[in-house]
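For reference, work_7.txt is printed below; it contains compact mmCIF, C-alpha atoms.
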# COMPACT_ATOMS: atom_id res chain seq x y z
CA MET A 1 0.00 0.00 0.00
CA SER A 2 1.52 3.33 -1.08
CA ALA A 3 1.93 6.18 1.39
CA ALA A 4 -0.63 8.99 1.28
CA PRO A 5 0.56 12.08 -0.62
CA ARG A 6 2.14 14.81 1.51
CA ILE A 7 0.43 18.15 0.84
CA ASP A 8 1.58 21.55 2.20
CA LEU A 9 -0.82 24.36 1.22
CA HIS A 10 0.81 27.50 2.68
CA THR A 11 4.35 28.65 1.78
CA HIS A 12 6.10 31.91 0.98
CA SER A 13 8.92 32.84 -1.40
CA THR A 14 10.91 36.00 -2.12
CA ALA A 15 7.89 37.20 -4.11
CA SER A 16 6.74 38.33 -0.65
CA ASP A 17 8.53 37.74 2.67
CA GLY A 18 10.10 34.30 2.28
CA THR A 19 13.85 33.78 1.89
CA LEU A 20 13.81 31.20 -0.95
CA SER A 21 13.11 32.23 -4.52
CA PRO A 22 10.05 30.57 -6.10
CA ALA A 23 12.37 28.18 -7.99
CA GLU A 24 14.29 27.33 -4.80
CA LEU A 25 10.99 26.87 -2.94
CA VAL A 26 9.63 24.21 -5.29
CA ARG A 27 12.99 22.40 -5.35
CA ALA A 28 13.10 22.45 -1.53
CA ALA A 29 9.51 21.16 -1.42
CA ALA A 30 10.45 18.18 -3.62
CA GLU A 31 13.59 17.52 -1.58
CA SER A 32 11.57 17.52 1.66
CA GLY A 33 9.34 14.75 0.32
CA LEU A 34 6.25 16.77 -0.49
CA ASP A 35 3.95 15.66 -3.31
CA VAL A 36 1.95 18.90 -3.47
CA VAL A 37 2.98 22.42 -2.49
CA ALA A 38 1.04 25.69 -2.67
CA ILE A 39 2.85 28.97 -3.25
CA THR A 40 0.86 31.59 -1.32
CA ASP A 41 2.80 34.83 -1.23
CA HIS A 42 1.22 37.91 0.34
CA ASP A 43 -1.09 39.76 -2.04
CA THR A 44 0.80 38.75 -5.19
CA THR A 45 0.98 36.12 -7.94
CA ALA A 46 4.50 37.20 -8.96
CA GLY A 47 6.01 33.86 -7.88
CA TRP A 48 3.67 31.69 -9.97
CA ALA A 49 5.55 31.72 -13.29
CA PRO A 50 9.08 31.12 -11.91
CA ALA A 51 7.77 28.35 -9.62
CA LEU A 52 6.06 26.65 -12.56
CA GLU A 53 9.15 26.95 -14.73
CA ALA A 54 11.32 25.26 -12.08
CA LEU A 55 8.77 22.62 -11.00
CA PRO A 56 10.64 19.36 -10.28
CA ALA A 57 9.39 15.99 -11.51
CA GLY A 58 6.87 14.36 -9.18
CA LEU A 59 5.74 17.60 -7.51
CA SER A 60 2.33 19.24 -8.05
CA LEU A 61 2.03 23.01 -7.68
CA VAL A 62 -1.04 24.82 -6.39
CA ARG A 63 -0.97 28.48 -7.32
CA GLY A 64 -2.40 30.79 -4.68
CA ALA A 65 -1.90 33.88 -2.54
CA GLU A 66 -2.38 34.97 1.07
CA LEU A 67 -4.63 38.02 1.12
CA SER A 68 -4.30 40.71 3.76
CA CYS A 69 -7.83 41.23 5.05
CA ARG A 70 -9.65 43.08 7.80
CA TRP A 71 -12.98 42.67 9.54
CA TYR A 72 -14.65 45.94 10.44
CA GLY A 73 -17.17 44.41 12.83
CA GLU A 74 -15.20 45.46 15.91
CA GLU A 75 -13.02 48.41 16.90
CA PRO A 76 -10.18 48.53 16.07
CA ALA A 77 -10.76 46.48 12.92
CA LEU A 78 -9.45 42.91 13.12
CA PRO A 79 -6.62 41.92 10.73
CA LEU A 80 -7.10 38.48 9.13
CA HIS A 81 -5.39 36.37 6.47
CA LEU A 82 -7.24 34.56 3.72
CA LEU A 83 -5.55 31.86 1.63
CA ALA A 84 -6.85 31.98 -1.94
CA TYR A 85 -6.20 28.96 -4.15
CA LEU A 86 -6.37 28.39 -7.91
CA PHE A 87 -7.98 31.72 -8.85
CA ASP A 88 -7.72 33.41 -12.23
CA PRO A 89 -4.72 35.79 -11.89
CA ASP A 90 -6.23 38.09 -14.52
CA ALA A 91 -9.62 38.62 -12.84
CA PRO A 92 -9.80 42.45 -13.06
CA GLU A 93 -11.41 43.29 -9.70
CA LEU A 94 -9.13 41.00 -7.71
CA VAL A 95 -6.03 42.18 -9.62
CA ALA A 96 -6.91 45.81 -8.86
CA GLU A 97 -7.49 45.10 -5.17
CA LEU A 98 -4.19 43.23 -4.79
CA ALA A 99 -2.32 46.05 -6.55
CA ARG A 100 -3.88 48.57 -4.17
CA VAL A 101 -2.90 46.52 -1.11
CA ARG A 102 0.70 46.06 -2.37
CA ALA A 103 1.07 49.81 -3.01
CA ALA A 104 -0.31 50.61 0.46
CA ARG A 105 2.07 48.06 2.02
CA GLU A 106 5.05 49.69 0.32
CA GLU A 107 3.95 53.17 1.40
CA ARG A 108 3.57 51.92 4.98
CA GLY A 109 7.06 50.39 4.88
CA GLU A 110 8.55 53.68 3.77
CA ARG A 111 6.73 55.51 6.57
CA ILE A 112 7.98 53.01 9.19
CA VAL A 113 11.55 53.51 7.97
CA ALA A 114 11.08 57.30 8.20
CA LEU A 115 9.96 56.89 11.84
CA LEU A 116 13.01 54.73 12.61
CA ARG A 117 15.36 57.21 10.94
CA ALA A 118 13.75 60.13 12.80
CA ASP A 119 14.81 58.34 16.02
CA GLY A 120 18.38 58.10 14.75
CA ILE A 121 18.16 54.45 13.68
CA ASP A 122 20.28 53.96 10.59
CA VAL A 123 18.19 51.87 8.22
CA SER A 124 17.95 52.54 4.50
CA TRP A 125 14.71 52.40 2.51
CA PRO A 126 16.49 51.83 -0.85
CA GLU A 127 18.43 48.95 0.76
CA ILE A 128 15.19 47.43 2.11
CA LEU A 129 13.58 47.68 -1.35
CA THR A 130 16.63 45.96 -2.86
CA GLY A 131 16.40 43.26 -0.18
CA ALA A 132 12.76 42.66 -1.15
CA GLY A 133 13.99 41.91 -4.68
CA GLY A 134 10.84 43.23 -6.32
CA GLY A 135 8.62 41.20 -4.00
CA THR A 136 5.79 42.57 -1.86
CA VAL A 137 7.48 44.66 0.85
CA GLY A 138 6.53 43.80 4.40
CA ARG A 139 7.73 44.25 7.97
CA PRO A 140 9.96 41.14 7.71
CA HIS A 141 12.11 43.05 5.20
CA ILE A 142 12.50 45.91 7.70
CA ALA A 143 13.25 43.33 10.40
CA GLN A 144 16.13 42.04 8.25
CA ALA A 145 17.53 45.57 8.02
CA LEU A 146 17.40 45.87 11.83
CA ILE A 147 19.23 42.54 12.11
CA ARG A 148 21.88 43.65 9.59
CA ALA A 149 22.35 46.86 11.60
CA GLY A 150 22.96 44.77 14.73
CA LEU A 151 20.00 46.33 16.54
CA VAL A 152 18.15 43.05 17.08
CA ALA A 153 19.28 39.44 16.89
CA THR A 154 16.20 37.78 15.38
CA THR A 155 13.01 38.45 13.41
CA THR A 156 11.05 37.60 16.56
CA GLU A 157 12.89 40.33 18.49
CA ALA A 158 12.31 42.79 15.64
CA PHE A 159 8.56 42.11 15.91
CA GLY A 160 8.63 42.80 19.68
CA PRO A 161 6.95 45.85 21.28
CA ASP A 162 10.11 48.01 21.24
CA TRP A 163 10.34 47.71 17.49
CA LEU A 164 7.94 46.71 14.72
CA GLY A 165 5.36 45.09 16.99
CA GLU A 166 4.27 48.30 18.68
CA ARG A 167 6.55 51.33 18.80
CA TYR A 168 7.19 51.42 15.05
CA ARG A 169 4.02 49.73 13.91
CA LEU A 170 1.64 51.46 11.53
CA PRO A 171 -1.73 50.18 10.30
CA LYS A 172 -1.93 48.96 6.72
CA GLU A 173 -4.76 49.04 4.23
CA ASP A 174 -6.32 45.63 3.80
CA ILE A 175 -9.29 44.14 1.95
CA ASP A 176 -12.61 43.83 3.74
CA VAL A 177 -12.75 40.09 4.46
CA PHE A 178 -16.28 39.62 3.06
CA ARG A 179 -15.26 41.41 -0.14
CA ALA A 180 -12.13 39.26 -0.31
CA VAL A 181 -14.10 35.99 -0.09
CA ARG A 182 -16.49 37.18 -2.81
CA LEU A 183 -13.65 38.40 -5.08
CA VAL A 184 -11.79 35.08 -4.77
CA ARG A 185 -14.94 33.13 -5.60
CA ALA A 186 -15.74 35.47 -8.52
CA ALA A 187 -12.20 34.79 -9.83
CA GLY A 188 -12.87 31.04 -9.71
CA GLY A 189 -10.71 30.56 -6.63
CA VAL A 190 -11.21 28.75 -3.34
CA PRO A 191 -10.84 30.79 -0.10
CA VAL A 192 -9.53 29.24 3.14
CA PHE A 193 -9.13 31.12 6.44
CA ALA A 194 -5.46 31.03 7.53
CA HIS A 195 -4.59 30.15 11.17
CA PRO A 196 -8.01 31.36 12.43
CA ARG A 197 -7.53 30.44 16.09
CA ALA A 198 -3.89 31.55 16.62
CA THR A 199 -4.25 33.43 19.92
CA ARG A 200 -0.47 33.73 20.15
CA ARG A 201 -0.68 36.15 17.21
CA GLY A 202 -3.18 38.38 19.01
CA ARG A 203 -6.92 38.82 18.65
CA ILE A 204 -8.82 36.10 16.82
CA ALA A 205 -11.99 35.95 14.74
CA PRO A 206 -15.14 34.95 16.63
CA ASP A 207 -16.83 31.76 15.48
CA GLU A 208 -19.87 33.81 14.44
CA LEU A 209 -17.75 35.71 11.90
CA ILE A 210 -16.46 32.45 10.42
CA ALA A 211 -20.04 31.19 10.12
CA ASP A 212 -21.00 34.41 8.31
CA LEU A 213 -18.01 34.05 5.96
CA ALA A 214 -18.98 30.43 5.25
CA ALA A 215 -22.40 31.72 4.19
CA VAL A 216 -20.82 33.95 1.50
CA GLY A 217 -18.36 31.39 0.14
CA LEU A 218 -15.54 30.56 2.58
CA ALA A 219 -14.47 27.01 1.74
CA GLY A 220 -12.15 25.95 4.53
CA LEU A 221 -10.20 26.55 7.73
CA GLU A 222 -6.49 25.99 8.29
CA ALA A 223 -6.36 23.91 11.48
CA ASP A 224 -2.91 22.31 11.61
CA HIS A 225 -0.48 25.23 11.88
CA GLU A 226 2.50 25.91 14.14
CA ASP A 227 0.71 28.85 15.80
CA HIS A 228 -2.23 26.71 16.92
CA SER A 229 -2.13 24.80 20.20
CA PRO A 230 -3.66 21.29 20.20
CA ALA A 231 -6.81 22.73 21.80
CA GLU A 232 -7.02 25.46 19.15
CA ARG A 233 -6.63 22.86 16.38
CA ALA A 234 -9.42 20.80 17.90
CA HIS A 235 -11.66 23.88 18.10
CA VAL A 236 -11.05 24.71 14.42
CA ARG A 237 -11.77 21.12 13.36
CA ALA A 238 -15.04 21.05 15.31
CA LEU A 239 -16.12 24.40 13.85
CA ALA A 240 -15.25 23.28 10.31
CA ASP A 241 -17.25 20.12 10.85
CA GLU A 242 -20.22 22.09 12.12
CA LEU A 243 -20.11 24.47 9.13
CA GLY A 244 -19.28 21.87 6.49
CA LEU A 245 -15.90 23.44 5.72
CA VAL A 246 -12.71 21.76 4.50
CA VAL A 247 -9.88 21.42 7.07
CA THR A 248 -6.32 22.11 5.89
CA GLY A 249 -2.87 21.84 7.44
CA SER A 250 0.30 23.55 6.33
CA SER A 251 3.69 24.87 7.36
CA ASP A 252 3.38 28.60 6.54
CA PHE A 253 7.03 28.22 5.52
CA HIS A 254 9.05 31.44 5.18
CA GLY A 255 12.58 30.03 4.83
CA THR A 256 15.00 31.33 7.44
CA HIS A 257 12.51 33.98 8.64
CA LYS A 258 10.86 31.17 10.60
CA THR A 259 12.08 27.91 12.11
CA VAL A 260 9.18 25.83 10.78
CA ARG A 261 10.10 23.34 8.03
CA LEU A 262 8.30 22.53 4.81
CA GLY A 263 5.74 19.80 5.39
CA ALA A 264 5.74 20.34 9.18
CA PHE A 265 1.94 20.20 8.90
CA THR A 266 0.03 18.76 5.97
CA THR A 267 -3.45 18.54 4.46
CA ASP A 268 -5.46 15.33 4.20
CA PRO A 269 -5.69 14.16 0.55
CA GLY A 270 -9.49 14.00 0.72
CA ALA A 271 -9.68 17.62 1.90
CA TYR A 272 -7.29 18.63 -0.87
CA GLU A 273 -9.44 16.93 -3.49
CA ARG A 274 -12.46 18.87 -2.26
CA LEU A 275 -10.61 22.17 -2.67
CA VAL A 276 -9.38 21.34 -6.16
CA ALA A 277 -12.87 20.23 -7.21
CA GLU A 278 -14.27 23.66 -6.26
CA ALA A 279 -11.69 25.65 -8.26
CA ARG A 280 -12.72 27.30 -11.53
CA GLY A 281 -9.80 29.66 -12.06
CA VAL A 282 -6.55 27.81 -12.83
CA THR A 283 -5.75 24.15 -12.33
CA GLU A 284 -3.13 22.48 -10.18
CA VAL A 285 -0.02 21.71 -12.22
CA ALA A 286 1.69 18.33 -11.93
CA SER A 287 5.22 17.84 -13.21
CA GLY A 288 5.82 14.50 -14.87
The structure in this file should be written as structure tokens.
Amino acid sequence: MSAAPRIDLHTHSTASDGTLSPAELVRAAAESGLDVVAITDHDTTAGWAPALEALPAGLSLVRGAELSCRWYGEEPALPLHLLAYLFDPDAPELVAELARVRAAREERGERIVALLRADGIDVSWPEILTGAGGGTVGRPHIAQALIRAGLVATTTEAFGPDWLGERYRLPKEDIDVFRAVRLVRAAGGVPVFAHPRATRRGRIAPDELIADLAAVGLAGLEADHEDHSPAERAHVRALADELGLVVTGSSDFHGTHKTVRLGAFTTDPGAYERLVAEARGVTEVASG
């Protein structure tokens, strides 16, 4: 009896805030024994083509993105992440929204650097842009500049309250989460709520919100994730079962920005088949 396929549906490359290029990411996925990997960079599809071009034999690629969303049902608005799989990358409304979010993210990054420099901290915006390599600029890129300057030792420290977590944190423009679910569905994609119960990241979405999102097209919940405790995973599974949603598991791999390894958490093949069956945008791509 052959082993079940190993499926990791949440990874990042240098197209956003990962440290491996899209080509290196798919090669690393194959080397780690994965059968299916999803590339889900923040608010961009820029990694899709290079990942496809470099796809090793025996590995299937799911093209996706992680959308920066917000729920305005409480004050302050709640930031959320939505994994969008197999959507049409040319769907005009979704393309326009992602472009707006990327531009706002870059503007925020530049403003954070200006705040740091105003306090005499020697970080360079042009150097940070170069470090992003044309990818979506985020706080992890600024964190790397702080590490290079010897001001902090790790990305975790850079995201602490003295730095990017609080003192030098600015809000960013995101997509209303209900609009995001509808846009992904309209683009033929399949939306899954990323790490919905991760209390270690801060405030979490109430179950009622997830039920409301399911009613407008949310397809699944990411349960098995390094930021979920066993109790949080169990809660997500029970909620998904109650709402008829697919349950996924994934690494949220970022290369050396995080310690988690590719395939640390995986998705059940049956759940994966359900997601693929719902997609109407692009197909998964299998290399021979």
Please return, as a PyMOL selection string, all polymer residues that have at least one atom within 12 Å of the point (16.7, 44.4, 12.1); use all atoms listed in the file and the file's own coordinate frame.
-> chain A and resi 113+116+121-124+128+139-160+162-164+257
**Prompt:** Of the candidates A:Trp125, A:Val137, A:Leu82, A:Gly263, which one gets nearest to Pro196 in chain A if we count all atoms listed in the file?
**Reply:**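 Under the stated criterion, the closest residue is A:Leu82.
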Please compute the CA of Cys69 in chain A-CA of Thr44 in chain A distance, one decimal, in Å.
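Result for CA of Cys69 in chain A versus CA of Thr44 in chain A: 13.6 Å, one decimal.
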Judged by all atoms listed in the file, the minimum distance to Ser60 in chain A among A:Val246, A:His235, A:Thr283, A:Gly131 is found for A:Thr283
Taken to one decimal, the CA of Val36 in chain A-CA of Ile7 in chain A distance is 4.6 Å
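Each of A:Gly64, A:Pro89, A:Gly135, A:Pro171 was checked against Arg111 in chain A using all atoms listed in the file; the smallest atom-to-atom distance is that of A:Pro171.
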CA of Gly217 in chain A to CA of Pro191 in chain A, straight-line distance in Å: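 CA of Gly217 in chain A lies 7.5 Å from CA of Pro191 in chain A.
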Q: Determine, counting all atoms listed in the file, which protein, DNA and RNA residues have an atom within 7 Å of an atom of Phe193 in chain A; residues of the same chain fewer than 4 positions away are not included. Present the result as a list in words.
A: His81, Leu82, Leu83, Gly220, Leu221 and Glu222 of chain A
Please produce an output containing C-alpha atoms for each residue in the selection, written as a compact mmCIF listing (two decimals), keeping the file's coordinate frame.
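Now in out_29.txt:
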# COMPACT_ATOMS: atom_id res chain seq x y z
CA HIS A 81 -5.39 36.37 6.47
CA LEU A 82 -7.24 34.56 3.72
CA LEU A 83 -5.55 31.86 1.63
CA GLY A 220 -12.15 25.95 4.53
CA LEU A 221 -10.20 26.55 7.73
CA GLU A 222 -6.49 25.99 8.29
**Request:** Fewer than 4 positions away in the same chain doesn't count, so skip those; otherwise give me all residues within 8 Å of Ile112 in chain A, counting all atoms listed in the file, as a PyMOL selection string.
**Result:** chain A and resi 108+116+168-170
Q: Would you mind telling me which residue in A:Ala231, A:Leu275, A:Leu20, A:Ala84 lies nearest to Val184 in chain A when using all atoms listed in the file?
A: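 That would be A:Ala84, the residue with the smallest distance to Val184 in chain A.
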Kindly indicate which residue among A:Glu278, A:Gly18, A:Arg203, A:Arg185 lies nearest to Glu75 in chain A, using all atoms listed in the file for the distances.
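Among the listed residues, A:Arg203 lies closest to Glu75 in chain A.
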Which residues are near Arg200 in chain A? Cut-off 10 Å, only C-alpha atoms, ignore same chain within fewer than 5 positions. Put them as a CSV table (one decimal) with C-alpha atoms, keeping the file's coordinate frame.
chain,number,residue,atom,x,y,z
A,227,ASP,CA,0.7,28.8,15.8
A,228,HIS,CA,-2.2,26.7,16.9
A,229,SER,CA,-2.1,24.8,20.2
Could you name the residues that touch range 37-42 of chain A at 10 Å or less, counting all atoms listed in the file, but leaving out those on the same chain fewer than 4 positions away, as a PDB file with C-alpha atoms, in the frame of the given file?
ATOM      1  CA  ARG A   6       2.140  14.810   1.510  1.00  0.00           C
ATOM      2  CA  ILE A   7       0.430  18.150   0.840  1.00  0.00           C
ATOM      3  CA  ASP A   8       1.580  21.550   2.200  1.00  0.00           C
ATOM      4  CA  LEU A   9      -0.820  24.360   1.220  1.00  0.00           C
ATOM      5  CA  HIS A  10       0.810  27.500   2.680  1.00  0.00           C
ATOM      6  CA  THR A  11       4.350  28.650   1.780  1.00  0.00           C
ATOM      7  CA  HIS A  12       6.100  31.910   0.980  1.00  0.00           C
ATOM      8  CA  SER A  13       8.920  32.840  -1.400  1.00  0.00           C
ATOM      9  CA  THR A  14      10.910  36.000  -2.120  1.00  0.00           C
ATOM     10  CA  ALA A  15       7.890  37.200  -4.110  1.00  0.00           C
ATOM     11  CA  SER A  16       6.740  38.330  -0.650  1.00  0.00           C
ATOM     12  CA  ASP A  17       8.530  37.740   2.670  1.00  0.00           C
ATOM     13  CA  GLY A  18      10.100  34.300   2.280  1.00  0.00           C
ATOM     14  CA  PRO A  22      10.050  30.570  -6.100  1.00  0.00           C
ATOM     15  CA  LEU A  25      10.990  26.870  -2.940  1.00  0.00           C
ATOM     16  CA  VAL A  26       9.630  24.210  -5.290  1.00  0.00           C
ATOM     17  CA  ALA A  29       9.510  21.160  -1.420  1.00  0.00           C
ATOM     18  CA  ALA A  30      10.450  18.180  -3.620  1.00  0.00           C
ATOM     19  CA  ALA A  46       4.500  37.200  -8.960  1.00  0.00           C
ATOM     20  CA  GLY A  47       6.010  33.860  -7.880  1.00  0.00           C
ATOM     21  CA  TRP A  48       3.670  31.690  -9.970  1.00  0.00           C
ATOM     22  CA  ALA A  51       7.770  28.350  -9.620  1.00  0.00           C
ATOM     23  CA  LEU A  59       5.740  17.600  -7.510  1.00  0.00           C
ATOM     24  CA  SER A  60       2.330  19.240  -8.050  1.00  0.00           C
ATOM     25  CA  LEU A  61       2.030  23.010  -7.680  1.00  0.00           C
ATOM     26  CA  VAL A  62      -1.040  24.820  -6.390  1.00  0.00           C
ATOM     27  CA  ARG A  63      -0.970  28.480  -7.320  1.00  0.00           C
ATOM     28  CA  GLY A  64      -2.400  30.790  -4.680  1.00  0.00           C
ATOM     29  CA  ALA A  65      -1.900  33.880  -2.540  1.00  0.00           C
ATOM     30  CA  GLU A  66      -2.380  34.970   1.070  1.00  0.00           C
ATOM     31  CA  LEU A  67      -4.630  38.020   1.120  1.00  0.00           C
ATOM     32  CA  SER A  68      -4.300  40.710   3.760  1.00  0.00           C
ATOM     33  CA  HIS A  81      -5.390  36.370   6.470  1.00  0.00           C
ATOM     34  CA  LEU A  82      -7.240  34.560   3.720  1.00  0.00           C
ATOM     35  CA  LEU A  83      -5.550  31.860   1.630  1.00  0.00           C
ATOM     36  CA  ALA A  84      -6.850  31.980  -1.940  1.00  0.00           C
ATOM     37  CA  TYR A  85      -6.200  28.960  -4.150  1.00  0.00           C
ATOM     38  CA  LEU A  86      -6.370  28.390  -7.910  1.00  0.00           C
ATOM     39  CA  LEU A  98      -4.190  43.230  -4.790  1.00  0.00           C
ATOM     40  CA  VAL A 101      -2.900  46.520  -1.110  1.00  0.00           C
ATOM     41  CA  ARG A 102       0.700  46.060  -2.370  1.00  0.00           C
ATOM     42  CA  GLY A 135       8.620  41.200  -4.000  1.00  0.00           C
ATOM     43  CA  THR A 136       5.790  42.570  -1.860  1.00  0.00           C
ATOM     44  CA  VAL A 137       7.480  44.660   0.850  1.00  0.00           C
ATOM     45  CA  GLY A 138       6.530  43.800   4.400  1.00  0.00           C
ATOM     46  CA  SER A 250       0.300  23.550   6.330  1.00  0.00           C
ATOM     47  CA  ASP A 252       3.380  28.600   6.540  1.00  0.00           C
ATOM     48  CA  PHE A 253       7.030  28.220   5.520  1.00  0.00           C
ATOM     49  CA  HIS A 254       9.050  31.440   5.180  1.00  0.00           C
ATOM     50  CA  LEU A 262       8.300  22.530   4.810  1.00  0.00           C
ATOM     51  CA  GLY A 263       5.740  19.800   5.390  1.00  0.00           C
ATOM     52  CA  THR A 266       0.030  18.760   5.970  1.00  0.00           C
ATOM     53  CA  GLU A 284      -3.130  22.480 -10.180  1.00  0.00           C
TER      54      GLU A 284
END
Counting all atoms listed in the file, the residue of A:Ala57, A:Thr19, A:Ala77, A:Ser32 that sits nearest Ile204 in chain A: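 Nearest to Ile204 in chain A: A:Ala77.
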Worksheet item: Using all atoms listed in the file, which residues sit within 8 Å of Asp88 in chain A once same-chain residues fewer than 6 positions away are excluded, as a PyMOL selection string?
Response: chain A and resi 187-189+280-282
